Amino acid sequence: MILHEKISAQLPAWRERIKSLAKEHADVVVDHVNVGQIVGGMRDIKSLLSDVSFVDPAEGIRFRGLSIPELLNALPKARGGKMPLVGGLYYLLMVGEVPTREQAMEVEAEWAKRADIPDYVYKLLKTMPKDTHPMILLTLAVMSLERTSAFASKYKEGMKKDEYWEPALEDSLNLTAKIPVIAAFIYRYKYFGEKKNPKYNPKLDYGANFARMMKAPDKKGYAELSRLYFILHSDHESGNVSAHATHLVGSSLSDIYFAYSAGLSGLAGPLHGLANQECLGWLLEVHQRFNGVPSRDDLYKFAWDTLNSGKVIPGYGHAVLRVPDPRFTAQMEFAKKNFPEDDLVRLADMVFDVVPSVLKEQGKAKNPAPNVDAISGTLQHYYGVREFDFYTVLFGVGRALGVTANFVWARALGQPIERPKSLTTKMLEDIVAKANAQPV
Ligand code: HAX
């Protein structure tokens with residue numbers, strides 16, 4: 001298997017680098033931690049290690065060193081489309097090199113071999129009450145597949161530590177192959193009552209399969225969007241809730257089914273993956289209130305009304321980024337190229353023009369620029385996927401690609417169990433009192 005070969009060849013050198021850092025340079029100081037960071041959600045403390053992606057606050061994400069425009073340009077494209085093959089992105093995340101078309105197609109072929117879902121998973125989903133949240137259905141399906149984990153069974157047999165990554169890779173390929181099939185089933189079953197199980201077509205790529213299984217009315221257009229969407233949502237370095245939760249749980253040597261389920265649970269929160277549905281909701285509210293695209297002045301007033309009612313403007317602001325999110329820019333470019341006259345696209349563009357200045361005037365948000373969620377729901381809406389609570393599931397399909405790549409490398413490099421230290425409030429107050437008592 002190509003990913004196995006490529007990772008295997010790189011491992012001795014990577015292990016040497018980590019060993020040298022741990023043994024010879026362990027005392028070198030990287031960062032210091034202040035009280036504000038401890039009471040403020042550990043913001044910006046440099047304490048995680050990942051080579052899969054990096055977010056520069058002034059530039060945005062780089063996947064294995066490539067910015068989004070570079071990556072969209074460099075990766076091999078799907079046949080008949082302009083967007084890259086998702087298999088090529090997975091190769092890049094796992095291996096760290098841009099694949100050839102053949103290499104990307106090898107990953108796609110692996111997925112096609114592994115996409116079958118055991119029947120009991122469908123049965124389980126069908127027993128759930130109709131009002132079950134689609135993220136719960138997705139998490140349940142993932143959890144129910146845990147019994148197939150190669151990592152868990154090899155661990156029981158007593159595999160050696162330096163072999164951990166191999167069944168981790170096996171599990172990751174199985175999981176990422178099955179996730180879009182499960183997601184499409186949840187969509188068709190929950191919103192259309194369809195009981196037939198979706199079938200993965202080995203002649204089509206990941207994105208085209210997803211569009212087919214979703215039964216999107218414009219399959220070609222939706223396949224292109226799916227490729228872009230899954231690529232953009234795959235990873236956002238390691239500190240965000242879904243990536244970190246997956247990593248943390250995996251660090252206890254739980255297999256990827258447990259670990260990714262934890263990540264999905266984090267993704268379901270309104271400040272993380274749920275923001276995309278809230279954002280589209282806000283755009284539709286504006287659209288409805290003004291019976292179409294409003295004037296700039298009306299939009300300005302509406303944005304202030306939202307803030308004055310104590311709510312945030314969804315899709316704007318970010319914990320790390322300090323510029324417009326390049327994932328927003330890539331999706332906006334896609335929309336403007338493919339359906340520039342769509343009302344919601346025009347509205348999202350106007351919001352991009354007006355809301356940053358409103359947030360600047362308010363002076364609270366550290367970053368008044370749009371994040372990925374400011375537009376992603378608009379694109380789904382255009383292609384007819386209008387069931388808001390499904391949007392986080394789509395995010396989850398993409399996020400599986402990044403968290404599994406990180407998971408495999410964490411096992412390959414023997415990353416230890418995570419265990420930061422906590423303090424009590426009194427201890428923190430004592431530290432502050434001592435610091436203030438010291439002569440200047
Ligand atoms: N609208 C109104 N106020 C905002 C705001 C926004 N879009 N973004 C930040 N603020 C406010 C914060 O609520 C905070 O106010 P308080 O001091 O009263 O608590 C203040 O500005 C400072 O916040 P910050 O340091 O700039 O931002 P945080 O790192 O604390 O939070 C968030 C980052 C993304 C959660 C935040 O900007 C937000 O709530 N945005 C709207 C929701 C959203 O778009 N979430 C999706 C984020 C992308 C993502 O992870 N997707 O999965």
# chains A, B, ... in the order shown; residues from 1 in each chain; ligands from 1
>>> select_by_dssp(residues="segment 84-320 of chain A", states="helix (DSSP H, G or I)", output="JSON, numbers by chain")
{"A": [86, 87, 88, 89, 90, 91, 92, 93, 94, 95, 101, 102, 103, 104, 105, 106, 107, 108, 109, 110, 111, 112, 113, 114, 119, 120, 121, 122, 123, 124, 125, 126, 127, 134, 135, 136, 137, 138, 139, 140, 141, 142, 143, 144, 145, 146, 147, 148, 150, 151, 152, 153, 154, 155, 156, 157, 161, 162, 163, 165, 166, 167, 168, 169, 170, 171, 172, 173, 174, 175, 176, 177, 178, 179, 180, 181, 182, 183, 184, 185, 186, 187, 188, 189, 190, 191, 192, 206, 207, 208, 209, 210, 211, 212, 213, 214, 219, 220, 221, 222, 223, 224, 225, 226, 227, 228, 229, 230, 231, 232, 241, 242, 243, 244, 245, 246, 247, 248, 249, 250, 256, 257, 258, 259, 260, 261, 262, 263, 264, 265, 266, 267, 275, 276, 277, 278, 279, 280, 281, 282, 283, 284, 285, 286, 287, 288, 289, 296, 297, 298, 299, 300, 301, 302, 303, 304, 305, 306, 307, 308]}
>>> closest_atom_pairs(of="chain A", to="ligand 1", cutoff="8 Å", atoms="only C-alpha atoms and all ligand atoms", output="JSON lines")
{"residue": "A:Arg43", "atom": "CA", "partner": "ligand 1", "partner_atom_place_in_ligand_line": "29 (O)", "distance": 7.4}
{"residue": "A:Asn240", "atom": "CA", "partner": "ligand 1", "partner_atom_place_in_ligand_line": "50 (O)", "distance": 6.9}
{"residue": "A:Val241", "atom": "CA", "partner": "ligand 1", "partner_atom_place_in_ligand_line": "50 (O)", "distance": 7.9}
{"residue": "A:Leu267", "atom": "CA", "partner": "ligand 1", "partner_atom_place_in_ligand_line": "52 (O)", "distance": 6.9}
{"residue": "A:Pro270", "atom": "CA", "partner": "ligand 1", "partner_atom_place_in_ligand_line": "45 (N)", "distance": 7.0}
{"residue": "A:Leu271", "atom": "CA", "partner": "ligand 1", "partner_atom_place_in_ligand_line": "45 (N)", "distance": 4.5}
{"residue": "A:His272", "atom": "CA", "partner": "ligand 1", "partner_atom_place_in_ligand_line": "52 (O)", "distance": 3.6}
{"residue": "A:Gly273", "atom": "CA", "partner": "ligand 1", "partner_atom_place_in_ligand_line": "52 (O)", "distance": 3.9}
{"residue": "A:Leu274", "atom": "CA", "partner": "ligand 1", "partner_atom_place_in_ligand_line": "52 (O)", "distance": 6.9}
{"residue": "A:Ala275", "atom": "CA", "partner": "ligand 1", "partner_atom_place_in_ligand_line": "45 (N)", "distance": 4.8}
{"residue": "A:Asn276", "atom": "CA", "partner": "ligand 1", "partner_atom_place_in_ligand_line": "46 (C)", "distance": 7.1}
{"residue": "A:Cys279", "atom": "CA", "partner": "ligand 1", "partner_atom_place_in_ligand_line": "44 (O)", "distance": 7.3}
{"residue": "A:Leu307", "atom": "CA", "partner": "ligand 1", "partner_atom_place_in_ligand_line": "2 (C)", "distance": 6.1}
{"residue": "A:Lys311", "atom": "CA", "partner": "ligand 1", "partner_atom_place_in_ligand_line": "2 (C)", "distance": 6.4}
{"residue": "A:Val312", "atom": "CA", "partner": "ligand 1", "partner_atom_place_in_ligand_line": "1 (N)", "distance": 3.4}
{"residue": "A:Ile313", "atom": "CA", "partner": "ligand 1", "partner_atom_place_in_ligand_line": "1 (N)", "distance": 4.0}
{"residue": "A:Pro314", "atom": "CA", "partner": "ligand 1", "partner_atom_place_in_ligand_line": "41 (C)", "distance": 4.1}
{"residue": "A:Gly315", "atom": "CA", "partner": "ligand 1", "partner_atom_place_in_ligand_line": "44 (O)", "distance": 3.4}
{"residue": "A:Tyr316", "atom": "CA", "partner": "ligand 1", "partner_atom_place_in_ligand_line": "7 (N)", "distance": 4.0}
{"residue": "A:Gly317", "atom": "CA", "partner": "ligand 1", "partner_atom_place_in_ligand_line": "37 (O)", "distance": 3.4}
{"residue": "A:His318", "atom": "CA", "partner": "ligand 1", "partner_atom_place_in_ligand_line": "34 (C)", "distance": 4.0}
{"residue": "A:Ala319", "atom": "CA", "partner": "ligand 1", "partner_atom_place_in_ligand_line": "29 (O)", "distance": 3.3}
{"residue": "A:Val320", "atom": "CA", "partner": "ligand 1", "partner_atom_place_in_ligand_line": "29 (O)", "distance": 6.8}
{"residue": "A:Leu359", "atom": "CA", "partner": "ligand 1", "partner_atom_place_in_ligand_line": "1 (N)", "distance": 6.8}
{"residue": "A:Gly363", "atom": "CA", "partner": "ligand 1", "partner_atom_place_in_ligand_line": "21 (O)", "distance": 7.7}
{"residue": "A:Lys364", "atom": "CA", "partner": "ligand 1", "partner_atom_place_in_ligand_line": "21 (O)", "distance": 4.1}
{"residue": "A:Ala365", "atom": "CA", "partner": "ligand 1", "partner_atom_place_in_ligand_line": "21 (O)", "distance": 3.3}
{"residue": "A:Lys366", "atom": "CA", "partner": "ligand 1", "partner_atom_place_in_ligand_line": "26 (O)", "distance": 3.7}
{"residue": "A:Asn367", "atom": "CA", "partner": "ligand 1", "partner_atom_place_in_ligand_line": "26 (O)", "distance": 5.5}
{"residue": "A:Pro368", "atom": "CA", "partner": "ligand 1", "partner_atom_place_in_ligand_line": "8 (N)", "distance": 6.9}
{"residue": "A:Pro370", "atom": "CA", "partner": "ligand 1", "partner_atom_place_in_ligand_line": "44 (O)", "distance": 7.7}
{"residue": "A:Asn371", "atom": "CA", "partner": "ligand 1", "partner_atom_place_in_ligand_line": "48 (C)", "distance": 5.6}
{"residue": "A:Val372", "atom": "CA", "partner": "ligand 1", "partner_atom_place_in_ligand_line": "48 (C)", "distance": 6.2}
{"residue": "A:Asp373", "atom": "CA", "partner": "ligand 1", "partner_atom_place_in_ligand_line": "46 (C)", "distance": 6.1}
{"residue": "A:Ala374", "atom": "CA", "partner": "ligand 1", "partner_atom_place_in_ligand_line": "44 (O)", "distance": 7.0}
>>> residues_around(residues="Ala78 of chain A", least_positions_apart="5", cutoff="9 Å", atoms="only C-alpha atoms", output="MDAnalysis selection string")
chainID A and resid 83:86 205 207:208 224 227
>>> closest_residue(among="A:Phe395, A:Phe230, A:Tyr120, A:Phe388", to="Gly266 of chain A", atoms="only C-alpha atoms")
A:Phe395
>>> atom_distance(atom1="atom CA of Ala216 of chain A", atom2="atom CA of His381 of chain A")
11.3 Å
>>> closest_residue(among="A:Glu166, A:Phe210, A:Val142, A:Val358", to="Asn308 of chain A", atoms="only C-alpha atoms")
A:Val358
>>> closest_residue(among="A:Trp14, A:Ser20, A:Lys6, A:Arg289", to="Leu92 of chain A", atoms="only C-alpha atoms")
A:Lys6
>>> atom_distance(atom1="atom CA of Ile431 of chain A", atom2="atom CA of Gly40 of chain A")
16.5 Å
>>> residues_around(residues="His32 of chain A", least_positions_apart="5", cutoff="12 Å", atoms="only C-alpha atoms", output="list in words")
Gln37, Ile38, Met42, Asp44, Ile45, Lys46 and Ser47 of chain A
>>> write_last_selection(atoms="N, CA, C and O atoms", output="PDB file, in the first residue's frame")
ATOM      1  N   GLN A  37      -3.579  33.505  29.749  1.00  0.00           N
ATOM      2  CA  GLN A  37      -3.727  32.304  28.911  1.00  0.00           C
ATOM      3  C   GLN A  37      -4.347  31.156  29.699  1.00  0.00           C
ATOM      4  O   GLN A  37      -5.097  30.354  29.155  1.00  0.00           O
ATOM      5  N   ILE A  38      -4.032  31.099  30.974  1.00  0.00           N
ATOM      6  CA  ILE A  38      -4.599  30.004  31.785  1.00  0.00           C
ATOM      7  C   ILE A  38      -6.100  30.206  31.999  1.00  0.00           C
ATOM      8  O   ILE A  38      -6.883  29.270  31.896  1.00  0.00           O
ATOM      9  N   MET A  42      -6.249  28.755  27.191  1.00  0.00           N
ATOM     10  CA  MET A  42      -4.916  28.336  26.703  1.00  0.00           C
ATOM     11  C   MET A  42      -4.568  28.931  25.348  1.00  0.00           C
ATOM     12  O   MET A  42      -3.790  28.355  24.587  1.00  0.00           O
ATOM     13  N   ASP A  44      -3.062  30.416  22.280  1.00  0.00           N
ATOM     14  CA  ASP A  44      -1.746  30.765  21.734  1.00  0.00           C
ATOM     15  C   ASP A  44      -0.554  30.151  22.480  1.00  0.00           C
ATOM     16  O   ASP A  44       0.583  30.503  22.199  1.00  0.00           O
ATOM     17  N   ILE A  45      -0.793  29.263  23.433  1.00  0.00           N
ATOM     18  CA  ILE A  45       0.355  28.615  24.094  1.00  0.00           C
ATOM     19  C   ILE A  45       0.918  27.596  23.109  1.00  0.00           C
ATOM     20  O   ILE A  45       0.206  26.702  22.655  1.00  0.00           O
ATOM     21  N   LYS A  46       2.185  27.739  22.782  1.00  0.00           N
ATOM     22  CA  LYS A  46       2.788  26.826  21.794  1.00  0.00           C
ATOM     23  C   LYS A  46       3.171  25.533  22.494  1.00  0.00           C
ATOM     24  O   LYS A  46       4.196  25.448  23.168  1.00  0.00           O
ATOM     25  N   SER A  47       2.333  24.508  22.350  1.00  0.00           N
ATOM     26  CA  SER A  47       2.583  23.293  23.131  1.00  0.00           C
ATOM     27  C   SER A  47       2.163  22.011  22.408  1.00  0.00           C
ATOM     28  O   SER A  47       2.104  20.956  23.028  1.00  0.00           O
TER      29      SER A  47
END
